[in-house]
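Chemist: This is model_26.cif, which holds mmCIF, C-alpha atoms (C1' of nucleotides):
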data_entry
#
loop_
_atom_site.group_PDB
_atom_site.id
_atom_site.type_symbol
_atom_site.label_atom_id
_atom_site.label_comp_id
_atom_site.auth_asym_id
_atom_site.auth_seq_id
_atom_site.Cartn_x
_atom_site.Cartn_y
_atom_site.Cartn_z
ATOM 1 C CA MET A 1 128.218 48.171 111.303
ATOM 2 C CA ILE A 2 127.803 51.848 111.960
ATOM 3 C CA PHE A 3 127.164 50.892 115.567
ATOM 4 C CA ASN A 4 130.611 49.383 115.812
ATOM 5 C CA VAL A 5 132.240 52.540 114.580
ATOM 6 C CA LEU A 6 130.200 54.765 116.877
ATOM 7 C CA ALA A 7 130.718 52.532 119.878
ATOM 8 C CA ASN A 8 134.457 52.299 119.411
ATOM 9 C CA THR A 9 135.422 55.764 118.332
ATOM 10 C CA GLU A 10 132.909 58.111 119.956
ATOM 11 C CA VAL A 11 134.056 60.520 117.225
ATOM 12 C CA ALA A 12 131.163 60.042 114.882
ATOM 13 C CA ARG A 13 132.048 61.886 111.763
ATOM 14 C CA SER A 14 130.400 60.738 108.615
ATOM 15 C CA LYS A 15 133.655 60.471 106.729
ATOM 16 C CA ASP A 16 135.168 58.132 109.289
ATOM 17 C CA ILE A 17 132.149 55.896 109.119
ATOM 18 C CA ALA A 18 132.368 55.788 105.354
ATOM 19 C CA GLU A 19 136.030 54.865 105.489
ATOM 20 C CA ALA A 20 135.609 52.298 108.211
ATOM 21 C CA LEU A 21 132.843 50.658 106.258
ATOM 22 C CA GLY A 22 134.494 50.876 102.864
ATOM 23 C CA VAL A 23 131.473 52.622 101.462
ATOM 24 C CA ALA A 24 130.779 55.893 99.626
ATOM 25 C CA LYS A 25 129.638 58.970 101.508
ATOM 26 C CA PRO A 26 126.024 59.035 100.355
ATOM 27 C CA SER A 27 125.520 55.522 101.672
ATOM 28 C CA VAL A 28 126.408 56.750 105.130
ATOM 29 C CA THR A 29 123.967 59.649 104.914
ATOM 30 C CA GLY A 30 121.243 57.206 103.908
ATOM 31 C CA ALA A 31 122.077 54.784 106.664
ATOM 32 C CA LEU A 32 122.163 57.525 109.285
ATOM 33 C CA LYS A 33 118.727 58.696 108.224
ATOM 34 C CA ALA A 34 117.394 55.176 108.502
ATOM 35 C CA LEU A 35 118.930 54.747 111.957
ATOM 36 C CA SER A 36 117.597 58.134 112.942
ATOM 37 C CA ASP A 37 114.093 57.073 111.904
ATOM 38 C CA LYS A 38 114.492 54.091 114.203
ATOM 39 C CA LYS A 39 115.588 56.430 117.000
ATOM 40 C CA LEU A 40 118.948 54.743 117.261
ATOM 41 C CA VAL A 41 121.165 57.729 116.499
ATOM 42 C CA ASN A 42 120.890 61.457 117.000
ATOM 43 C CA TYR A 43 121.332 62.816 113.549
ATOM 44 C CA THR A 44 121.130 66.365 112.239
ATOM 45 C CA PRO A 45 122.425 67.279 108.796
ATOM 46 C CA TYR A 46 126.053 68.395 108.874
ATOM 47 C CA GLY A 47 126.198 67.724 112.596
ATOM 48 C CA TYR A 48 128.017 65.213 114.732
ATOM 49 C CA VAL A 49 126.466 61.834 115.198
ATOM 50 C CA THR A 50 125.854 60.190 118.561
ATOM 51 C CA LEU A 51 124.008 57.137 119.716
ATOM 52 C CA THR A 52 120.696 57.512 121.495
ATOM 53 C CA GLU A 53 120.120 55.577 124.686
ATOM 54 C CA LYS A 54 118.271 52.949 122.685
ATOM 55 C CA GLY A 55 121.101 52.892 120.184
ATOM 56 C CA ARG A 56 123.696 52.483 122.875
ATOM 57 C CA LYS A 57 121.861 49.491 124.286
ATOM 58 C CA GLN A 58 121.542 47.850 120.924
ATOM 59 C CA ALA A 59 125.164 48.565 120.135
ATOM 60 C CA ALA A 60 126.206 46.958 123.391
ATOM 61 C CA VAL A 61 124.288 43.807 122.541
ATOM 62 C CA ILE A 62 125.888 43.608 119.132
ATOM 63 C CA ALA A 63 129.332 44.304 120.523
ATOM 64 C CA ALA A 64 128.930 41.550 123.090
ATOM 65 C CA LYS A 65 127.855 39.077 120.424
ATOM 66 C CA HIS A 66 130.726 40.107 118.246
ATOM 67 C CA SER A 67 133.251 39.657 120.968
ATOM 68 C CA ILE A 68 131.988 36.203 121.892
ATOM 69 C CA ILE A 69 132.092 35.007 118.312
ATOM 70 C CA LYS A 70 135.496 36.454 117.646
ATOM 71 C CA SER A 71 136.825 34.985 120.843
ATOM 72 C CA PHE A 72 135.641 31.566 119.773
ATOM 73 C CA PHE A 73 137.430 31.879 116.458
ATOM 74 C CA VAL A 74 140.646 33.248 117.903
ATOM 75 C CA ASP A 75 140.957 31.684 121.341
ATOM 76 C CA VAL A 76 139.361 28.338 120.673
ATOM 77 C CA LEU A 77 139.948 27.569 117.021
ATOM 78 C CA GLY A 78 143.166 29.534 116.711
ATOM 79 C CA ILE A 79 142.112 31.593 113.712
ATOM 80 C CA GLU A 80 144.105 34.639 112.690
ATOM 81 C CA GLN A 81 142.855 37.938 114.166
ATOM 82 C CA GLU A 82 141.911 39.624 110.931
ATOM 83 C CA ILE A 83 140.049 36.690 109.427
ATOM 84 C CA ALA A 84 138.236 36.193 112.713
ATOM 85 C CA GLU A 85 137.248 39.841 112.834
ATOM 86 C CA THR A 86 135.773 39.810 109.343
ATOM 87 C CA ALA A 87 133.957 36.544 109.869
ATOM 88 C CA ALA A 88 132.552 37.684 113.218
ATOM 89 C CA CYS A 89 131.107 40.784 111.562
ATOM 90 C CA LYS A 90 129.305 38.706 108.989
ATOM 91 C CA VAL A 91 128.125 36.028 111.344
ATOM 92 C CA GLU A 92 126.959 38.088 114.298
ATOM 93 C CA HIS A 93 123.644 38.926 112.648
ATOM 94 C CA SER A 94 122.803 35.306 111.998
ATOM 95 C CA LEU A 95 123.152 33.810 115.439
ATOM 96 C CA GLY A 96 120.280 33.981 117.873
ATOM 97 C CA PRO A 97 120.463 34.203 121.654
ATOM 98 C CA GLU A 98 120.391 30.426 122.237
ATOM 99 C CA ILE A 99 123.549 29.873 120.266
ATOM 100 C CA ILE A 100 125.328 32.950 121.573
ATOM 101 C CA SER A 101 124.634 32.032 125.137
ATOM 102 C CA LYS A 102 125.790 28.438 124.682
ATOM 103 C CA LEU A 103 128.822 29.590 122.782
ATOM 104 C CA SER A 104 129.740 31.907 125.591
ATOM 105 C CA LYS A 105 129.477 29.098 128.109
ATOM 106 C CA PHE A 106 131.457 26.891 125.826
ATOM 107 C CA ILE A 107 134.332 29.339 125.623
ATOM 108 C CA GLU A 108 134.355 29.501 129.368
ATOM 109 C CA PHE A 109 134.389 25.725 129.515
ATOM 110 C CA VAL A 110 137.192 25.393 127.030
ATOM 111 C CA ASN A 111 139.303 27.813 129.031
ATOM 112 C CA THR A 112 138.935 26.038 132.347
ATOM 113 C CA LYS A 113 142.014 24.098 133.344
ATOM 114 C CA ASP A 114 142.057 20.381 133.915
ATOM 115 C CA SER A 115 144.048 18.379 136.445
ATOM 116 C CA ALA A 116 147.223 18.970 134.471
ATOM 117 C CA SER A 117 146.321 22.670 134.464
ATOM 118 C CA GLN A 118 145.891 22.671 130.731
ATOM 119 C CA THR A 119 142.961 24.239 128.954
ATOM 120 C CA MET A 120 141.110 22.434 126.222
ATOM 121 C CA ALA A 121 141.998 25.205 123.843
ATOM 122 C CA GLN A 122 145.656 24.330 124.402
ATOM 123 C CA LYS A 123 144.945 20.661 123.910
ATOM 124 C CA PHE A 124 143.154 21.369 120.680
ATOM 125 C CA SER A 125 146.098 23.358 119.484
ATOM 126 C CA ASP A 126 148.318 20.340 120.106
ATOM 127 C CA PHE A 127 145.786 18.030 118.508
ATOM 128 C CA TYR A 128 145.614 20.277 115.471
ATOM 129 C CA ASN A 129 149.354 20.553 115.090
ATOM 130 C CA ASP A 130 149.791 16.821 115.416
ATOM 131 C CA SER A 131 147.204 16.155 112.756
ATOM 132 C CA GLU A 132 149.038 18.417 110.326
ATOM 133 C CA SER A 133 152.108 16.238 110.201
ATOM 134 C CA MET B 134 119.364 27.701 99.104
ATOM 135 C CA ILE B 135 117.948 26.219 95.963
ATOM 136 C CA PHE B 136 120.952 23.929 95.957
ATOM 137 C CA ASN B 137 119.890 22.468 99.254
ATOM 138 C CA VAL B 138 116.456 21.667 97.954
ATOM 139 C CA LEU B 139 117.776 20.165 94.743
ATOM 140 C CA ALA B 140 120.444 18.157 96.493
ATOM 141 C CA ASN B 141 118.087 16.733 99.073
ATOM 142 C CA THR B 142 114.955 16.064 97.121
ATOM 143 C CA GLU B 143 116.089 15.294 93.592
ATOM 144 C CA VAL B 144 112.470 16.124 92.684
ATOM 145 C CA ALA B 145 113.079 19.636 91.488
ATOM 146 C CA ARG B 146 109.714 21.120 90.885
ATOM 147 C CA SER B 147 109.499 24.850 91.029
ATOM 148 C CA LYS B 148 106.598 24.822 93.438
ATOM 149 C CA ASP B 149 108.504 22.737 95.981
ATOM 150 C CA ILE B 150 111.431 25.099 95.825
ATOM 151 C CA ALA B 151 109.141 28.051 96.398
ATOM 152 C CA GLU B 152 107.564 26.389 99.399
ATOM 153 C CA ALA B 153 110.839 25.221 100.869
ATOM 154 C CA LEU B 154 112.248 28.703 100.581
ATOM 155 C CA GLY B 155 109.148 30.514 101.734
ATOM 156 C CA VAL B 156 109.148 32.615 98.617
ATOM 157 C CA ALA B 157 106.684 33.413 95.822
ATOM 158 C CA LYS B 158 106.749 31.552 92.515
ATOM 159 C CA PRO B 159 108.190 34.324 90.372
ATOM 160 C CA SER B 160 111.208 34.547 92.641
ATOM 161 C CA VAL B 161 112.014 30.921 91.906
ATOM 162 C CA THR B 162 111.740 31.430 88.171
ATOM 163 C CA GLY B 163 114.124 34.354 88.450
ATOM 164 C CA ALA B 164 116.585 32.486 90.589
ATOM 165 C CA LEU B 165 116.547 29.465 88.285
ATOM 166 C CA LYS B 166 117.319 31.676 85.316
ATOM 167 C CA ALA B 167 120.221 33.231 87.168
ATOM 168 C CA LEU B 168 121.564 29.814 88.141
ATOM 169 C CA SER B 169 121.056 28.621 84.599
ATOM 170 C CA ASP B 170 123.122 31.546 83.303
ATOM 171 C CA LYS B 171 125.880 30.428 85.631
ATOM 172 C CA LYS B 172 125.551 26.871 84.269
ATOM 173 C CA LEU B 173 124.654 25.509 87.661
ATOM 174 C CA VAL B 174 121.241 24.083 86.838
ATOM 175 C CA ASN B 175 119.628 22.656 83.735
ATOM 176 C CA TYR B 176 116.589 24.817 83.282
ATOM 177 C CA THR B 177 114.004 24.842 80.550
ATOM 178 C CA PRO B 178 110.732 26.708 80.992
ATOM 179 C CA TYR B 179 107.981 24.495 82.358
ATOM 180 C CA GLY B 180 110.410 21.610 82.642
ATOM 181 C CA TYR B 181 111.976 19.748 85.505
ATOM 182 C CA VAL B 182 115.059 21.192 87.113
ATOM 183 C CA THR B 183 118.292 19.304 87.679
ATOM 184 C CA LEU B 184 121.768 20.263 88.760
ATOM 185 C CA THR B 185 124.559 20.364 86.211
ATOM 186 C CA GLU B 186 127.836 18.663 86.996
ATOM 187 C CA LYS B 187 129.221 22.052 88.049
ATOM 188 C CA GLY B 188 126.135 22.671 90.125
ATOM 189 C CA ARG B 189 126.418 19.296 91.811
ATOM 190 C CA LYS B 190 129.994 20.034 92.796
ATOM 191 C CA GLN B 191 129.153 23.407 94.204
ATOM 192 C CA ALA B 192 126.151 21.992 96.028
ATOM 193 C CA ALA B 193 128.376 19.340 97.566
ATOM 194 C CA VAL B 194 130.754 21.988 98.855
ATOM 195 C CA ILE B 195 127.917 23.946 100.397
ATOM 196 C CA ALA B 196 126.343 20.846 101.871
ATOM 197 C CA ALA B 197 129.635 19.859 103.469
ATOM 198 C CA LYS B 198 130.024 23.297 105.021
ATOM 199 C CA HIS B 199 126.477 23.201 106.208
ATOM 200 C CA SER B 200 126.854 19.853 107.823
ATOM 201 C CA ILE B 201 130.038 20.837 109.666
ATOM 202 C CA ILE B 202 128.458 23.983 111.047
ATOM 203 C CA LYS B 203 125.258 22.265 112.056
ATOM 204 C CA SER B 204 127.181 19.472 113.672
ATOM 205 C CA PHE B 205 129.073 21.996 115.752
ATOM 206 C CA PHE B 206 125.846 23.568 116.944
ATOM 207 C CA VAL B 207 124.089 20.300 117.670
ATOM 208 C CA ASP B 208 126.813 17.887 118.717
ATOM 209 C CA VAL B 209 129.150 20.279 120.457
ATOM 210 C CA LEU B 210 127.000 23.085 121.800
ATOM 211 C CA GLY B 211 123.875 21.019 122.246
ATOM 212 C CA ILE B 212 121.574 23.319 120.301
ATOM 213 C CA GLU B 213 118.162 22.154 119.209
ATOM 214 C CA GLN B 214 118.009 20.671 115.697
ATOM 215 C CA GLU B 215 115.715 23.211 114.148
ATOM 216 C CA ILE B 216 117.482 26.285 115.480
ATOM 217 C CA ALA B 217 120.795 24.805 114.433
ATOM 218 C CA GLU B 218 119.505 24.120 110.941
ATOM 219 C CA THR B 219 118.289 27.674 110.455
ATOM 220 C CA ALA B 220 121.444 29.215 111.852
ATOM 221 C CA ALA B 221 123.671 26.975 109.762
ATOM 222 C CA CYS B 222 121.856 28.099 106.611
ATOM 223 C CA LYS B 223 122.496 31.716 107.405
ATOM 224 C CA VAL B 224 126.052 31.292 108.556
ATOM 225 C CA GLU B 225 127.413 28.955 105.920
ATOM 226 C CA HIS B 226 127.929 31.760 103.415
ATOM 227 C CA SER B 227 129.961 33.831 105.821
ATOM 228 C CA LEU B 228 132.656 31.388 106.851
ATOM 229 C CA GLY B 229 135.755 30.949 104.739
ATOM 230 C CA PRO B 230 137.817 27.798 104.291
ATOM 231 C CA GLU B 231 140.199 28.533 107.171
ATOM 232 C CA ILE B 232 137.434 28.560 109.712
ATOM 233 C CA ILE B 233 135.523 25.649 108.231
ATOM 234 C CA SER B 234 138.586 23.475 108.159
ATOM 235 C CA LYS B 235 139.537 24.326 111.745
ATOM 236 C CA LEU B 236 135.978 23.858 112.859
ATOM 237 C CA SER B 237 135.898 20.445 111.293
ATOM 238 C CA LYS B 238 139.086 19.453 113.090
ATOM 239 C CA PHE B 239 137.709 20.864 116.268
ATOM 240 C CA ILE B 240 134.574 18.759 116.096
ATOM 241 C CA GLU B 241 136.752 15.729 115.596
ATOM 242 C CA PHE B 242 138.840 16.746 118.586
ATOM 243 C CA VAL B 243 135.852 17.312 120.800
ATOM 244 C CA ASN B 244 134.532 13.870 119.984
ATOM 245 C CA THR B 245 137.699 11.999 120.811
ATOM 246 C CA LYS B 246 137.521 10.164 124.106
ATOM 247 C CA ASP B 247 139.846 10.834 126.992
ATOM 248 C CA SER B 248 141.268 8.396 129.516
ATOM 249 C CA ALA B 249 137.868 8.089 131.196
ATOM 250 C CA SER B 250 136.435 7.433 127.726
ATOM 251 C CA GLN B 251 134.410 10.614 127.854
ATOM 252 C CA THR B 252 134.202 13.077 125.028
ATOM 253 C CA MET B 253 134.603 16.763 125.598
ATOM 254 C CA ALA B 254 131.163 17.319 124.218
ATOM 255 C CA GLN B 255 129.817 15.207 127.057
ATOM 256 C CA LYS B 256 131.907 17.081 129.558
ATOM 257 C CA PHE B 257 130.634 20.360 128.242
ATOM 258 C CA SER B 258 127.101 19.142 128.596
ATOM 259 C CA ASP B 259 127.786 18.396 132.268
ATOM 260 C CA PHE B 260 129.549 21.712 132.703
ATOM 261 C CA TYR B 261 126.626 23.524 131.158
ATOM 262 C CA ASN B 262 124.020 21.752 133.235
ATOM 263 C CA ASP B 263 125.955 22.405 136.429
ATOM 264 C CA SER B 264 126.220 26.078 135.662
ATOM 265 C CA GLU B 265 122.466 26.326 135.227
ATOM 266 C CA SER B 266 121.727 25.472 138.824
ATOM 267 C "C1'" DT C 267 89.728 14.488 73.394
ATOM 268 C "C1'" DT C 268 88.928 18.374 75.560
ATOM 269 C "C1'" DG C 269 88.267 21.440 79.260
ATOM 270 C "C1'" DA C 270 89.409 22.797 83.805
ATOM 271 C "C1'" DC C 271 92.839 23.301 87.184
ATOM 272 C "C1'" DA C 272 97.409 23.359 88.860
ATOM 273 C "C1'" DA C 273 102.042 24.747 87.865
ATOM 274 C "C1'" DG C 274 104.994 27.995 85.796
ATOM 275 C "C1'" DT C 275 106.054 32.439 83.588
ATOM 276 C "C1'" DT C 276 105.813 37.397 82.371
ATOM 277 C "C1'" DC C 277 105.016 41.921 83.547
ATOM 278 C "C1'" DG C 278 105.078 45.779 86.370
ATOM 279 C "C1'" DG C 279 106.120 47.598 90.729
ATOM 280 C "C1'" DT C 280 108.392 48.312 95.482
ATOM 281 C "C1'" DA C 281 112.165 48.568 98.629
ATOM 282 C "C1'" DA C 282 116.939 48.316 100.144
ATOM 283 C "C1'" DG C 283 121.502 49.290 99.436
ATOM 284 C "C1'" DA C 284 124.947 50.809 96.844
ATOM 285 C "C1'" DC C 285 127.163 54.117 93.427
ATOM 286 C "C1'" DT C 286 128.624 58.785 90.762
ATOM 287 C "C1'" DA C 287 128.169 63.552 89.874
ATOM 288 C "C1'" DA C 288 126.941 67.809 91.262
ATOM 289 C "C1'" DC C 289 125.695 70.878 94.786
ATOM 290 C "C1'" DT C 290 125.807 73.029 99.646
ATOM 291 C "C1'" DA C 291 127.468 73.835 104.161
ATOM 292 C "C1'" DT C 292 131.251 74.163 107.363
ATOM 293 C "C1'" DA C 293 135.883 74.997 108.775
ATOM 294 C "C1'" DT C 294 140.499 76.530 108.176
ATOM 295 C "C1'" DT C 295 143.900 79.602 107.306
ATOM 296 C "C1'" DA C 296 146.175 83.270 105.042
ATOM 297 C "C1'" DT D 297 137.116 88.007 107.078
ATOM 298 C "C1'" DA D 298 136.951 85.966 102.852
ATOM 299 C "C1'" DA D 299 138.615 82.118 99.787
ATOM 300 C "C1'" DT D 300 139.130 77.730 99.407
ATOM 301 C "C1'" DA D 301 139.340 73.083 100.629
ATOM 302 C "C1'" DT D 302 136.934 69.416 102.965
ATOM 303 C "C1'" DA D 303 132.861 67.198 104.635
ATOM 304 C "C1'" DG D 304 128.199 66.214 103.882
ATOM 305 C "C1'" DT D 305 123.893 66.121 101.161
ATOM 306 C "C1'" DT D 306 120.808 65.701 97.161
ATOM 307 C "C1'" DA D 307 119.429 63.779 92.944
ATOM 308 C "C1'" DG D 308 119.419 60.325 89.792
ATOM 309 C "C1'" DT D 309 120.749 55.591 88.388
ATOM 310 C "C1'" DC D 310 121.723 50.620 88.904
ATOM 311 C "C1'" DT D 311 121.289 46.044 90.840
ATOM 312 C "C1'" DT D 312 119.228 42.590 93.527
ATOM 313 C "C1'" DA D 313 115.539 40.456 95.595
ATOM 314 C "C1'" DC D 314 111.213 40.242 96.452
ATOM 315 C "C1'" DC D 315 105.957 40.654 95.553
ATOM 316 C "C1'" DG D 316 100.890 40.345 93.243
ATOM 317 C "C1'" DA D 317 98.160 40.033 89.169
ATOM 318 C "C1'" DA D 318 97.473 38.307 84.901
ATOM 319 C "C1'" DC D 319 98.629 35.226 81.445
ATOM 320 C "C1'" DT D 320 100.393 30.672 79.425
ATOM 321 C "C1'" DT D 321 101.405 25.857 79.515
ATOM 322 C "C1'" DG D 322 100.777 21.200 80.672
ATOM 323 C "C1'" DT D 323 98.220 17.397 82.459
ATOM 324 C "C1'" DC D 324 94.612 14.618 84.131
ATOM 325 C "C1'" DA D 325 89.997 13.074 84.426
ATOM 326 C "C1'" DA D 326 85.416 12.922 82.699
#
Reformat the file's structure so that it appears as structure tokens.

Modeler:
Amino acid sequence: MIFNVLANTEVARSKDIAEALGVAKPSVTGALKALSDKKLVNYTPYGYVTLTEKGRKQAAVIAAKHSIIKSFFVDVLGIEQEIAETAACKVEHSLGPEIISKLSKFIEFVNTKDSASQTMAQKFSDFYNDSES
Amino acid sequence: MIFNVLANTEVARSKDIAEALGVAKPSVTGALKALSDKKLVNYTPYGYVTLTEKGRKQAAVIAAKHSIIKSFFVDVLGIEQEIAETAACKVEHSLGPEIISKLSKFIEFVNTKDSASQTMAQKFSDFYNDSES
DNA sequence: TTGACAAGTTCGGTAAGACTAACTATATTA
DNA sequence: TAATATAGTTAGTCTTACCGAACTTGTCAA
């Protein structure tokens, strides 16, 4: 989760991380130490926090996963942004490369247009709305 | 997780649960006590374990979720059974009712046949195989 | 029917992840 | 430049989830 904050903001102040994560300050200090031990962040007490090269790579992988999952929820299923965001955060750690890769292909597939230049995502939306009535 | 074992096997011996979960025996005892406190299982030391009515209901909810998620992985994405099973176990606790309900509808949608009496799942399979070459 | 073995439990301990309270370092601004 | 407010850290505690070792219970077979 800290990766997300660092990747997005580049700011890297401990307080921001704590707020973004909804967690108390000491938890952030602890987490930063742990990540520092794993050589994923450059951490010095009272200093700014940046990602190491290794950390940046790992963050990129996570971010890619996250974006694929969220896109599936939002663009395919039609889930609300905020719910999709939260769910993607929770789920991204549980899905291995096989599923992520297939999911990515699937999103691509669902967004290709058919003869009537309609995507499957659009058709599902219709299907869903019809079934509601 | 214990719910899964109890729901599927009906046997309910502590040892089986421990094996199924890949966990040591004391962990099972602890978990059973916790579930017993929540009135989800009937637990007496050294006795057999069964689900309470409440426990059965909750297990059914979880099982339904699980089956929807696994079905998406297997029947829609074409993921291997075992990987899908594992992933579904991890993911089922992270997805709320909005997503589960949409996902369920989506699986239904994907399995409806079009004019050429082909399901979208089949089309995706073709699409995926084409893209591999 | 009793003893040995398997199953289950208790006890004590470790590790992760969080918290509050109290302390320290940094930064701001008067 | 010195005081004070803000950010960050340390220390200590709690909870949860696990483990191994040692003990207890139950059962089955001689």

Chemist: For the file shown, what are the residues hit by the PyMOL selection byres ((chain D) within 10 of (chain A)), laid out as a list in words?

Modeler: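 Listing what the PyMOL selection byres ((chain D) within 10 of (chain A)) selects in the shown file: DA303, DG304, DT305 and DT306 of chain D.
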
Chemist: Exactly which residues make up the result of the PyMOL selection byres ((chain B and resi 187) around 12) on this file, given as a VMD selection string?

Modeler: chain B and resid 136 168 to 169 171 to 175 183 to 186 188 to 194

Chemist: Would you mind telling me which residue in B:Ile201, B:Leu165, B:Ala220, B:Val207 lies nearest to B:Glu241 when using all atoms listed in the file?

Modeler: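 Checking each of B:Ile201, B:Leu165, B:Ala220, B:Val207 against B:Glu241, counting all atoms listed in the file, the winner is B:Ile201.
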
Chemist: Using only C-alpha atoms (C1' of nucleotides) for the distances, tell me which of A:Ile100, A:Val76, A:Val23, A:Ile107 is nearest to chain C.

Modeler: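 Of A:Ile100, A:Val76, A:Val23, A:Ile107, the one nearest chain C is A:Val23, counting only C-alpha atoms (C1' of nucleotides).
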
Chemist: Draw an axis-aligned box over all listed atoms of stretch 2-13 of chain A, pad each side with 5 Å, and write its centre and edge lengths in Å, one decimal, as AutoDock Vina command-line options.

Modeler:
--center_x 131.3 --center_y 55.6 --center_z 115.9 --size_x 18.3 --size_y 22.5 --size_z 18.2

Chemist: In Å, rounded to a single decimal, give me how far atom CA of A:Met1 is from atom CA of B:Glu213.

Modeler: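 Separating atom CA of B:Glu213 from atom CA of A:Met1 is a distance of 29.0 Å.
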
Chemist: When you draw a straight line from atom CA of A:Cys89 to atom C1' of C:DT286, how long is it in Å?

Modeler: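 Taking atom CA of A:Cys89 as the start and atom C1' of C:DT286 as the end point, the length is 27.6 Å.
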
Chemist: Report the distance between atom CA of B:Ser264 and atom CA of A:His66 in Å, rounded to one decimal place.

Modeler: 22.8 Å

Chemist: Check the smallest atom-to-atom distance from each of B:Ala254, B:Ala157, B:Ala140, B:Ile150 to chain A using only C-alpha atoms, then report the winner.

Modeler: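 Once distances to chain A are computed over only C-alpha atoms, the minimum belongs to B:Ala254.
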
Chemist: Would you mind listing, as a PDB file with C-alpha atoms (C1' of nucleotides), in the coordinates of the input, all residues of chain C that have at least one atom within 8 Å of chain B, where only C-alpha atoms (C1' of nucleotides) are what counts?

Modeler:
ATOM      1  C1'  DA C 273     102.042  24.747  87.865  1.00  0.00           C
ATOM      2  C1'  DG C 274     104.994  27.995  85.796  1.00  0.00           C
ATOM      3  C1'  DT C 275     106.054  32.439  83.588  1.00  0.00           C
TER       4       DT C 275
END

Chemist: I'd like to know which of B:Phe260, B:Phe205, B:Tyr176, B:Tyr181 is closest to chain A, using all atoms listed in the file.

Modeler: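 Among B:Phe260, B:Phe205, B:Tyr176, B:Tyr181, it is B:Phe260 that comes nearest to chain A.
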
Chemist: Which residues would end up in the selection if the PyMOL selection byres ((chain A) within 6 of (chain B)) were applied here, given that I need the answer as a list in words?

Modeler: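 Taken over the shown coordinates, the PyMOL selection byres ((chain A) within 6 of (chain B)) returns Lys90, Val91 and Ser94 of chain A.
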
Chemist: Write out as a list in words each polymer residue whose atoms come within 10 Å of C:DT276, counting all atoms listed in the file; drop sequence neighbours fewer than 2 positions from it.

Modeler: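 Those residues are Pro159 of chain B; DG278 of chain C; DA318, DC319 and DT320 of chain D.
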
Chemist: Neighbours of D:DC310 within 12 Å (all atoms listed in the file; same-chain residues fewer than 2 positions away dropped), as a PyMOL selection string?

Modeler: (chain C and resi 283-286) or (chain D and resi 308+312)

Chemist: All heavy atoms for stretch 204-208 of chain B, written as a compact mmCIF listing (two decimals), keeping the file's coordinate frame, could you do that?

Modeler:
# COMPACT_ATOMS: atom_id res chain seq x y z
N SER B 204 126.66 20.45 112.73
CA SER B 204 127.18 19.47 113.67
C SER B 204 127.81 20.16 114.88
O SER B 204 127.68 19.70 116.02
CB SER B 204 128.21 18.58 112.97
OG SER B 204 128.95 17.85 113.92
N PHE B 205 128.50 21.26 114.62
CA PHE B 205 129.07 22.00 115.75
C PHE B 205 127.97 22.48 116.69
O PHE B 205 128.06 22.30 117.91
CB PHE B 205 129.91 23.17 115.26
CG PHE B 205 130.38 24.07 116.37
CD1 PHE B 205 131.34 23.64 117.26
CD2 PHE B 205 129.82 25.33 116.55
CE1 PHE B 205 131.76 24.44 118.31
CE2 PHE B 205 130.24 26.14 117.59
CZ PHE B 205 131.21 25.69 118.47
N PHE B 206 126.95 23.05 116.13
CA PHE B 206 125.85 23.57 116.94
C PHE B 206 125.16 22.45 117.73
O PHE B 206 124.94 22.56 118.93
CB PHE B 206 124.80 24.28 116.07
CG PHE B 206 125.29 25.58 115.48
CD1 PHE B 206 124.74 26.08 114.30
CD2 PHE B 206 126.27 26.33 116.12
CE1 PHE B 206 125.17 27.28 113.77
CE2 PHE B 206 126.70 27.54 115.60
CZ PHE B 206 126.15 28.01 114.41
N VAL B 207 124.87 21.38 117.04
CA VAL B 207 124.09 20.30 117.67
C VAL B 207 124.97 19.43 118.56
O VAL B 207 124.67 19.25 119.75
CB VAL B 207 123.40 19.42 116.60
CG1 VAL B 207 122.74 18.22 117.25
CG2 VAL B 207 122.39 20.24 115.82
N ASP B 208 126.04 18.90 118.00
CA ASP B 208 126.81 17.89 118.72
C ASP B 208 127.77 18.46 119.75
O ASP B 208 128.10 17.81 120.73
CB ASP B 208 127.60 17.03 117.72
CG ASP B 208 126.69 16.37 116.71
OD1 ASP B 208 125.52 16.09 117.06
OD2 ASP B 208 127.12 16.16 115.56
